[in-house]
>>> print(open('query17.csv').read())   # CSV, C-alpha atoms and all ligand atoms
chain,number,residue,atom,x,y,z
A,1,MET,CA,-7.1,32.2,0.9
A,2,ARG,CA,-4.2,34.7,1.1
A,3,ALA,CA,-0.5,35.2,0.9
A,4,ALA,CA,1.8,34.6,3.8
A,5,THR,CA,2.6,37.2,6.5
A,6,PRO,CA,5.4,36.8,9.2
A,7,ALA,CA,2.7,36.2,11.7
A,8,ASP,CA,1.9,32.8,10.0
A,9,ALA,CA,5.3,31.2,10.9
A,10,THR,CA,4.1,29.3,14.0
A,11,ALA,CA,0.9,27.9,12.3
A,12,TRP,CA,2.9,27.0,9.2
A,13,LEU,CA,5.5,25.1,11.3
A,14,GLU,CA,2.7,23.2,13.2
A,15,MET,CA,1.1,22.2,9.9
A,16,ARG,CA,4.3,21.3,8.2
A,17,CYS,CA,5.3,19.0,11.1
A,18,ALA,CA,1.9,17.3,10.8
A,19,LEU,CA,2.2,16.9,7.0
A,20,TRP,CA,5.9,15.8,6.9
A,21,PRO,CA,6.8,14.4,10.3
A,22,GLU,CA,9.7,12.2,9.1
A,23,GLY,CA,13.0,13.3,10.5
A,24,PRO,CA,15.4,13.1,13.3
A,25,ASP,CA,13.4,15.1,15.9
A,26,PRO,CA,9.6,15.0,16.7
A,27,GLY,CA,7.7,16.3,13.6
A,28,ASN,CA,11.1,17.1,12.0
A,29,ALA,CA,10.5,20.5,13.6
A,30,ALA,CA,14.1,21.8,13.5
A,31,GLU,CA,14.4,21.3,9.7
A,32,HIS,CA,11.0,22.8,9.0
A,33,ALA,CA,11.7,25.8,11.3
A,34,ALA,CA,15.0,26.4,9.5
A,35,GLU,CA,13.3,26.2,6.1
A,36,ILE,CA,10.5,28.6,7.2
A,37,ASP,CA,13.0,31.0,8.5
A,38,SER,CA,15.0,31.0,5.3
A,39,TRP,CA,11.8,31.4,3.3
A,40,TYR,CA,10.9,34.6,5.2
A,41,ARG,CA,14.5,35.9,4.7
A,42,GLY,CA,14.0,35.3,0.9
A,43,GLU,CA,16.7,32.6,0.9
A,44,PHE,CA,14.7,29.4,0.4
A,45,PRO,CA,17.1,26.8,-1.0
A,46,ARG,CA,14.6,25.3,-3.4
A,47,GLY,CA,13.1,28.4,-5.1
A,48,PRO,CA,11.0,29.8,-6.7
A,49,TRP,CA,8.7,28.8,-3.9
A,50,ASP,CA,5.6,30.4,-2.4
A,51,VAL,CA,2.9,29.5,0.1
A,52,LEU,CA,-0.8,30.4,0.4
A,53,PHE,CA,-2.7,30.1,3.6
A,54,ALA,CA,-6.4,29.4,4.3
A,55,GLU,CA,-7.7,31.5,7.2
A,56,SER,CA,-11.0,30.8,8.9
A,57,ASP,CA,-13.6,33.5,9.8
A,58,ASP,CA,-12.2,33.7,13.3
A,59,GLY,CA,-8.7,34.4,12.0
A,60,ARG,CA,-7.2,30.9,12.5
A,61,VAL,CA,-4.8,29.6,9.9
A,62,VAL,CA,-6.3,26.2,8.9
A,63,GLY,CA,-4.5,25.1,5.8
A,64,PHE,CA,-1.7,25.8,3.4
A,65,ALA,CA,-0.6,25.2,-0.2
A,66,GLU,CA,3.1,25.3,-1.0
A,67,LEU,CA,3.8,26.1,-4.6
A,68,SER,CA,6.7,26.1,-7.0
A,69,ILE,CA,7.4,26.3,-10.7
A,70,ARG,CA,9.0,23.3,-12.2
A,71,THR,CA,10.5,22.9,-15.6
A,72,THR,CA,9.2,19.3,-16.0
A,73,ALA,CA,6.5,17.2,-14.4
A,74,GLU,CA,5.0,13.8,-15.2
A,75,GLY,CA,2.4,14.0,-18.0
A,76,CYS,CA,3.0,17.7,-18.7
A,77,VAL,CA,4.0,19.2,-22.1
A,78,THR,CA,5.1,22.7,-21.1
A,79,HIS,CA,8.2,23.7,-19.3
A,80,ARG,CA,6.8,26.2,-16.8
A,81,ILE,CA,4.6,24.2,-14.6
A,82,ALA,CA,2.9,25.4,-11.4
A,83,TYR,CA,3.4,22.6,-8.9
A,84,LEU,CA,1.6,21.8,-5.7
A,85,GLU,CA,4.5,20.9,-3.4
A,86,GLY,CA,2.5,20.7,-0.2
A,87,TRP,CA,-1.2,20.7,0.5
A,88,PHE,CA,-2.6,20.5,4.0
A,89,VAL,CA,-5.9,21.2,5.9
A,90,ARG,CA,-6.2,20.8,9.6
A,91,PRO,CA,-8.1,17.5,10.4
A,92,GLU,CA,-10.9,19.2,12.3
A,93,VAL,CA,-12.0,21.3,9.3
A,94,ARG,CA,-11.5,18.8,6.4
A,95,ARG,CA,-14.3,18.0,4.0
A,96,GLN,CA,-15.6,21.6,4.0
A,97,GLY,CA,-14.1,22.7,0.7
A,98,ILE,CA,-11.0,24.3,2.1
A,99,GLY,CA,-8.6,22.0,0.2
A,100,ARG,CA,-10.4,22.7,-3.1
A,101,ALA,CA,-10.4,26.5,-2.4
A,102,LEU,CA,-6.6,26.3,-1.8
A,103,VAL,CA,-6.2,24.6,-5.2
A,104,ARG,CA,-8.3,27.3,-6.9
A,105,ALA,CA,-6.1,30.0,-5.3
A,106,ALA,CA,-3.0,28.1,-6.4
A,107,GLU,CA,-4.3,28.0,-9.9
A,108,ALA,CA,-4.7,31.7,-9.9
A,109,TRP,CA,-1.1,32.0,-8.6
A,110,GLY,CA,0.2,29.8,-11.4
A,111,ARG,CA,-1.8,31.7,-14.1
A,112,ALA,CA,-0.4,35.0,-12.8
A,113,ARG,CA,3.1,33.6,-13.3
A,114,ASP,CA,2.5,32.5,-16.9
A,115,CYS,CA,2.0,28.8,-16.2
A,116,ARG,CA,-0.4,26.9,-18.4
A,117,GLU,CA,-0.3,23.6,-16.5
A,118,PHE,CA,-0.6,22.7,-12.9
A,119,ALA,CA,0.8,19.4,-11.5
A,120,SER,CA,1.1,17.6,-8.2
A,121,ASP,CA,1.8,14.1,-6.8
A,122,ALA,CA,0.5,11.9,-4.0
A,123,ASP,CA,1.4,8.7,-2.3
A,124,PRO,CA,-0.8,6.2,-4.1
A,125,GLU,CA,-1.7,4.8,-0.7
A,126,ASN,CA,-3.0,8.1,0.6
A,127,GLY,CA,-6.6,7.6,-0.5
A,128,PRO,CA,-8.0,10.9,0.8
A,129,SER,CA,-5.3,12.8,-1.1
A,130,VAL,CA,-5.8,11.0,-4.3
A,131,ALA,CA,-9.6,11.5,-4.0
A,132,ALA,CA,-9.1,15.2,-3.2
A,133,HIS,CA,-6.8,15.7,-6.2
A,134,ARG,CA,-9.4,14.2,-8.5
A,135,ALA,CA,-12.2,16.2,-6.9
A,136,ALA,CA,-10.0,19.4,-7.5
A,137,GLY,CA,-9.9,18.6,-11.2
A,138,PHE,CA,-6.5,16.9,-11.5
A,139,ALA,CA,-6.3,14.0,-14.0
A,140,ASP,CA,-4.3,10.9,-13.2
A,141,VAL,CA,-1.2,10.8,-15.4
A,142,GLY,CA,0.6,7.8,-14.1
A,143,LEU,CA,2.2,6.0,-11.2
A,144,VAL,CA,6.0,6.0,-10.6
A,145,ARG,CA,8.1,3.8,-8.3
A,146,CYS,CA,11.1,5.7,-7.0
A,147,PHE,CA,14.5,4.2,-6.2
A,148,ARG,CA,17.9,5.3,-4.7
A,149,LYS,CA,21.3,4.0,-3.7
A,150,ASP,CA,24.3,5.5,-2.1
A,151,LEU,CA,27.2,6.5,-4.3
B,1,LIG,C1,-5.9,16.4,1.0
B,1,LIG,C2,-6.5,17.5,1.8
B,1,LIG,C3,-5.7,18.8,1.7
B,1,LIG,C4,-7.9,17.8,1.3
B,1,LIG,O1,-8.5,18.9,2.1
B,1,LIG,P1,-10.0,19.1,2.4
B,1,LIG,O2,-10.2,20.5,2.9
B,1,LIG,O3,-10.5,18.0,3.2
B,1,LIG,O4,-10.6,18.9,0.9
B,1,LIG,P2,-12.1,19.4,0.4
B,1,LIG,O5,-13.0,19.5,1.6
B,1,LIG,O6,-11.9,20.5,-0.5
B,1,LIG,O7,-12.5,18.1,-0.4
B,1,LIG,C5,-12.8,18.1,-1.7
B,1,LIG,C6,-13.2,16.7,-2.2
B,1,LIG,O8,-12.1,15.8,-2.2
B,1,LIG,C7,-12.6,14.5,-1.9
B,1,LIG,N1,-12.1,14.1,-0.6
B,1,LIG,C8,-11.4,14.8,0.3
B,1,LIG,N2,-11.1,14.1,1.4
B,1,LIG,C9,-11.6,12.8,1.2
B,1,LIG,C10,-11.6,11.6,1.9
B,1,LIG,N3,-11.0,11.6,3.1
B,1,LIG,N4,-12.2,10.5,1.4
B,1,LIG,C11,-12.7,10.6,0.2
B,1,LIG,N5,-12.8,11.7,-0.6
B,1,LIG,C12,-12.2,12.8,-0.1
B,1,LIG,C13,-14.1,14.6,-1.8
B,1,LIG,O9,-14.6,14.4,-3.2
B,1,LIG,C14,-14.3,16.1,-1.4
B,1,LIG,O10,-15.6,16.6,-1.7
B,1,LIG,P3,-16.8,16.3,-0.8
B,1,LIG,O11,-16.4,16.6,0.6
B,1,LIG,O12,-17.8,17.3,-1.3
B,1,LIG,O13,-17.2,14.9,-1.0
B,1,LIG,C15,-6.7,17.0,3.3
B,1,LIG,O14,-7.4,15.8,3.3
B,1,LIG,C16,-5.4,16.9,4.1
B,1,LIG,O15,-4.8,17.8,4.5
B,1,LIG,N6,-4.9,15.6,4.1
B,1,LIG,C17,-3.6,15.3,4.8
B,1,LIG,C18,-2.4,15.8,4.1
B,1,LIG,C19,-2.3,15.3,2.7
B,1,LIG,O16,-2.5,14.1,2.5
B,1,LIG,N7,-2.0,16.2,1.8
B,1,LIG,C20,-1.8,15.9,0.4
B,1,LIG,C21,-0.4,15.4,0.2
B,1,LIG,S1,-0.1,15.0,-1.4
>>> encode(input="query17.csv", output="structure tokens")
Amino acid sequence: MRAATPADATAWLEMRCALWPEGPDPGNAAEHAAEIDSWYRGEFPRGPWDVLFAESDDGRVVGFAELSIRTTAEGCVTHRIAYLEGWFVRPEVRRQGIGRALVRAAEAWGRARDCREFASDADPENGPSVAAHRAAGFADVGLVRCFRKDL
């Protein structure tokens, strides 16, 4: 588990497109590429924001954890909360402990930034994600339905 280098941009883009494909073009690649580019330039629009990568023994980037610090999160009592914004492991290497290792590295990231709580969210229908959150030590703190309308 390690911090990002500029050489990770291509792998990060591939994995982001797999995790969040919804968008106007295949894999929503243009938006992801623009966000990755702005992150490397230090101009990410939704900061503070960081990313950790999992690298295999043969040097391949096989997973990532995107992290932020939020002032509020469901079930939390403090106002500086490390938050798991994105969590992905390539399908061919899942169930080998990489996801859990990314969470452990993310916890160290949060502690180093004076956070005393760590939070996340998952689609309730994403069973593997819910199971992996529980296995990584997260407690269920509720289920929220989200709504919107145009103004
Ligand atoms: C969620 C995710 C990151 C987990 O990564 P991973 O490397 O497979 O996780 P781990 O190997 O560390 O799994 C830890 C534990 O989580 C649970 N778990 C993980 N995947 C599971 C699955 N498909 N079904 C049931 N339990 C699962 C198990 O308890 C597992 O331990 P075990 O393998 O010893 O039984 C990965 O499944 C993934 O990238 N999913 C698609 C993207 C996604 O949904 N991300 C989360 C968005 S909120």
>>> closest_atom_pairs(input="query17.csv", of="chain A", to="ligand LIG 1 (chain B)", cutoff="6 Å", atoms="all atoms listed in the file", output="JSON lines")
{"residue": "A:Leu19", "atom": "CA", "partner": "B:LIG1", "partner_atom": "C18", "distance": 5.5}
{"residue": "A:Trp87", "atom": "CA", "partner": "B:LIG1", "partner_atom": "N7", "distance": 4.8}
{"residue": "A:Phe88", "atom": "CA", "partner": "B:LIG1", "partner_atom": "O15", "distance": 3.5}
{"residue": "A:Val89", "atom": "CA", "partner": "B:LIG1", "partner_atom": "O15", "distance": 3.8}
{"residue": "A:Arg94", "atom": "CA", "partner": "B:LIG1", "partner_atom": "O3", "distance": 3.4}
{"residue": "A:Arg95", "atom": "CA", "partner": "B:LIG1", "partner_atom": "O5", "distance": 3.1}
{"residue": "A:Gln96", "atom": "CA", "partner": "B:LIG1", "partner_atom": "O5", "distance": 4.1}
{"residue": "A:Gly97", "atom": "CA", "partner": "B:LIG1", "partner_atom": "O6", "distance": 3.3}
{"residue": "A:Ile98", "atom": "CA", "partner": "B:LIG1", "partner_atom": "O2", "distance": 4.0}
{"residue": "A:Gly99", "atom": "CA", "partner": "B:LIG1", "partner_atom": "O2", "distance": 3.5}
{"residue": "A:Arg100", "atom": "CA", "partner": "B:LIG1", "partner_atom": "O6", "distance": 3.7}
{"residue": "A:Asp121", "atom": "CA", "partner": "B:LIG1", "partner_atom": "S1", "distance": 5.8}
{"residue": "A:Ala122", "atom": "CA", "partner": "B:LIG1", "partner_atom": "S1", "distance": 4.1}
{"residue": "A:Pro128", "atom": "CA", "partner": "B:LIG1", "partner_atom": "C10", "distance": 3.8}
{"residue": "A:Ser129", "atom": "CA", "partner": "B:LIG1", "partner_atom": "C1", "distance": 4.2}
{"residue": "A:Ala131", "atom": "CA", "partner": "B:LIG1", "partner_atom": "N5", "distance": 4.7}
{"residue": "A:Ala132", "atom": "CA", "partner": "B:LIG1", "partner_atom": "O8", "distance": 3.2}
{"residue": "A:Ala135", "atom": "CA", "partner": "B:LIG1", "partner_atom": "O8", "distance": 4.7}
>>> closest_residue(input="query17.csv", among="A:Ala18, A:Cys146, A:Ala119, A:Ala9", to="A:Gly75", atoms="all atoms listed in the file")
A:Ala119
>>> residues_around(input="query17.csv", residues="A:Ala11", least_positions_apart="4", cutoff="9 Å", atoms="all atoms listed in the file", output="PyMOL selection string")
chain A and resi 7+15-16+60-63
>>> closest_residue(input="query17.csv", among="A:Glu43, A:Asp123, A:Asp8, A:Glu117", to="A:Glu55", atoms="all atoms listed in the file")
A:Asp8
>>> residues_around(input="query17.csv", residues="A:Asp140", least_positions_apart="5", cutoff="10 Å", atoms="only C-alpha atoms", output="JSON, numbers by chain")
{"A": [74, 75, 120, 121, 130, 133, 134]}
>>> build_atoms(input="query17.csv", residues="stretch 70-100 of chain A", atoms="N, CA and C atoms", output="JSON list (two decimals), keeping the file's coordinate frame")
[["chain", "number", "residue", "atom", "x", "y", "z"],
["A", 70, "ARG", "N", 8.04, 24.28, -11.74],
["A", 70, "ARG", "CA", 9.00, 23.30, -12.20],
["A", 70, "ARG", "C", 9.13, 23.33, -13.70],
["A", 71, "THR", "N", 10.26, 22.88, -14.19],
["A", 71, "THR", "CA", 10.50, 22.90, -15.60],
["A", 71, "THR", "C", 9.94, 21.57, -16.28],
["A", 72, "THR", "N", 9.81, 20.51, -15.48],
["A", 72, "THR", "CA", 9.20, 19.30, -16.00],
["A", 72, "THR", "C", 8.33, 18.67, -14.92],
["A", 73, "ALA", "N", 7.33, 17.95, -15.37],
["A", 73, "ALA", "CA", 6.50, 17.20, -14.40],
["A", 73, "ALA", "C", 5.80, 16.09, -15.23],
["A", 74, "GLU", "N", 5.60, 14.96, -14.57],
["A", 74, "GLU", "CA", 5.00, 13.80, -15.20],
["A", 74, "GLU", "C", 3.69, 14.20, -15.94],
["A", 75, "GLY", "N", 3.59, 13.82, -17.21],
["A", 75, "GLY", "CA", 2.40, 14.00, -18.00],
["A", 75, "GLY", "C", 2.21, 15.44, -18.53],
["A", 76, "CYS", "N", 3.14, 16.35, -18.23],
["A", 76, "CYS", "CA", 3.00, 17.70, -18.70],
["A", 76, "CYS", "C", 3.77, 17.96, -19.99],
["A", 77, "VAL", "N", 3.32, 18.92, -20.78],
["A", 77, "VAL", "CA", 4.00, 19.20, -22.10],
["A", 77, "VAL", "C", 4.65, 20.53, -22.14],
["A", 78, "THR", "N", 4.37, 21.39, -21.16],
["A", 78, "THR", "CA", 5.10, 22.70, -21.10],
["A", 78, "THR", "C", 6.23, 22.62, -20.18],
["A", 79, "HIS", "N", 7.00, 23.71, -20.11],
["A", 79, "HIS", "CA", 8.20, 23.70, -19.30],
["A", 79, "HIS", "C", 8.19, 24.81, -18.23],
["A", 80, "ARG", "N", 7.01, 25.27, -17.94],
["A", 80, "ARG", "CA", 6.80, 26.20, -16.80],
["A", 80, "ARG", "C", 5.53, 25.81, -16.13],
["A", 81, "ILE", "N", 5.70, 24.92, -15.17],
["A", 81, "ILE", "CA", 4.60, 24.20, -14.60],
["A", 81, "ILE", "C", 4.37, 24.61, -13.14],
["A", 82, "ALA", "N", 3.20, 25.15, -12.83],
["A", 82, "ALA", "CA", 2.90, 25.40, -11.40],
["A", 82, "ALA", "C", 2.79, 24.04, -10.74],
["A", 83, "TYR", "N", 3.39, 23.92, -9.54],
["A", 83, "TYR", "CA", 3.40, 22.60, -8.90],
["A", 83, "TYR", "C", 2.99, 22.71, -7.44],
["A", 84, "LEU", "N", 2.07, 21.82, -7.07],
["A", 84, "LEU", "CA", 1.60, 21.80, -5.70],
["A", 84, "LEU", "C", 2.52, 20.92, -4.86],
["A", 85, "GLU", "N", 3.43, 21.58, -4.16],
["A", 85, "GLU", "CA", 4.50, 20.90, -3.40],
["A", 85, "GLU", "C", 3.96, 20.33, -2.08],
["A", 86, "GLY", "N", 3.05, 21.07, -1.48],
["A", 86, "GLY", "CA", 2.50, 20.70, -0.20],
["A", 86, "GLY", "C", 1.07, 21.15, -0.09],
["A", 87, "TRP", "N", 0.20, 20.31, 0.48],
["A", 87, "TRP", "CA", -1.20, 20.70, 0.50],
["A", 87, "TRP", "C", -1.76, 20.09, 1.84],
["A", 88, "PHE", "N", -2.24, 20.95, 2.71],
["A", 88, "PHE", "CA", -2.60, 20.50, 4.00],
["A", 88, "PHE", "C", -3.81, 21.32, 4.56],
["A", 89, "VAL", "N", -4.78, 20.61, 5.15],
["A", 89, "VAL", "CA", -5.90, 21.20, 5.90],
["A", 89, "VAL", "C", -5.97, 20.59, 7.24],
["A", 90, "ARG", "N", -6.14, 21.37, 8.27],
["A", 90, "ARG", "CA", -6.20, 20.80, 9.60],
["A", 90, "ARG", "C", -7.34, 19.79, 9.71],
["A", 91, "PRO", "N", -7.09, 18.65, 10.39],
["A", 91, "PRO", "CA", -8.10, 17.50, 10.40],
["A", 91, "PRO", "C", -9.47, 17.96, 10.78],
["A", 92, "GLU", "N", -9.59, 18.86, 11.76],
["A", 92, "GLU", "CA", -10.90, 19.20, 12.30],
["A", 92, "GLU", "C", -11.78, 20.00, 11.29],
["A", 93, "VAL", "N", -11.16, 20.51, 10.23],
["A", 93, "VAL", "CA", -12.00, 21.30, 9.30],
["A", 93, "VAL", "C", -11.90, 20.71, 7.86],
["A", 94, "ARG", "N", -11.53, 19.44, 7.77],
["A", 94, "ARG", "CA", -11.50, 18.80, 6.40],
["A", 94, "ARG", "C", -12.93, 18.54, 5.95],
["A", 95, "ARG", "N", -13.05, 18.28, 4.67],
["A", 95, "ARG", "CA", -14.30, 18.00, 4.00],
["A", 95, "ARG", "C", -15.29, 19.18, 4.05],
["A", 96, "GLN", "N", -14.74, 20.37, 4.05],
["A", 96, "GLN", "CA", -15.60, 21.60, 4.00],
["A", 96, "GLN", "C", -15.26, 22.44, 2.81],
["A", 97, "GLY", "N", -14.44, 21.91, 1.91],
["A", 97, "GLY", "CA", -14.10, 22.70, 0.70],
["A", 97, "GLY", "C", -12.87, 23.52, 0.78],
["A", 98, "ILE", "N", -12.16, 23.46, 1.93],
["A", 98, "ILE", "CA", -11.00, 24.30, 2.10],
["A", 98, "ILE", "C", -9.85, 23.87, 1.17],
["A", 99, "GLY", "N", -9.66, 22.54, 1.08],
["A", 99, "GLY", "CA", -8.60, 22.00, 0.20],
["A", 99, "GLY", "C", -8.85, 22.46, -1.25],
["A", 100, "ARG", "N", -10.08, 22.32, -1.68],
["A", 100, "ARG", "CA", -10.40, 22.70, -3.10],
["A", 100, "ARG", "C", -10.19, 24.22, -3.26]]
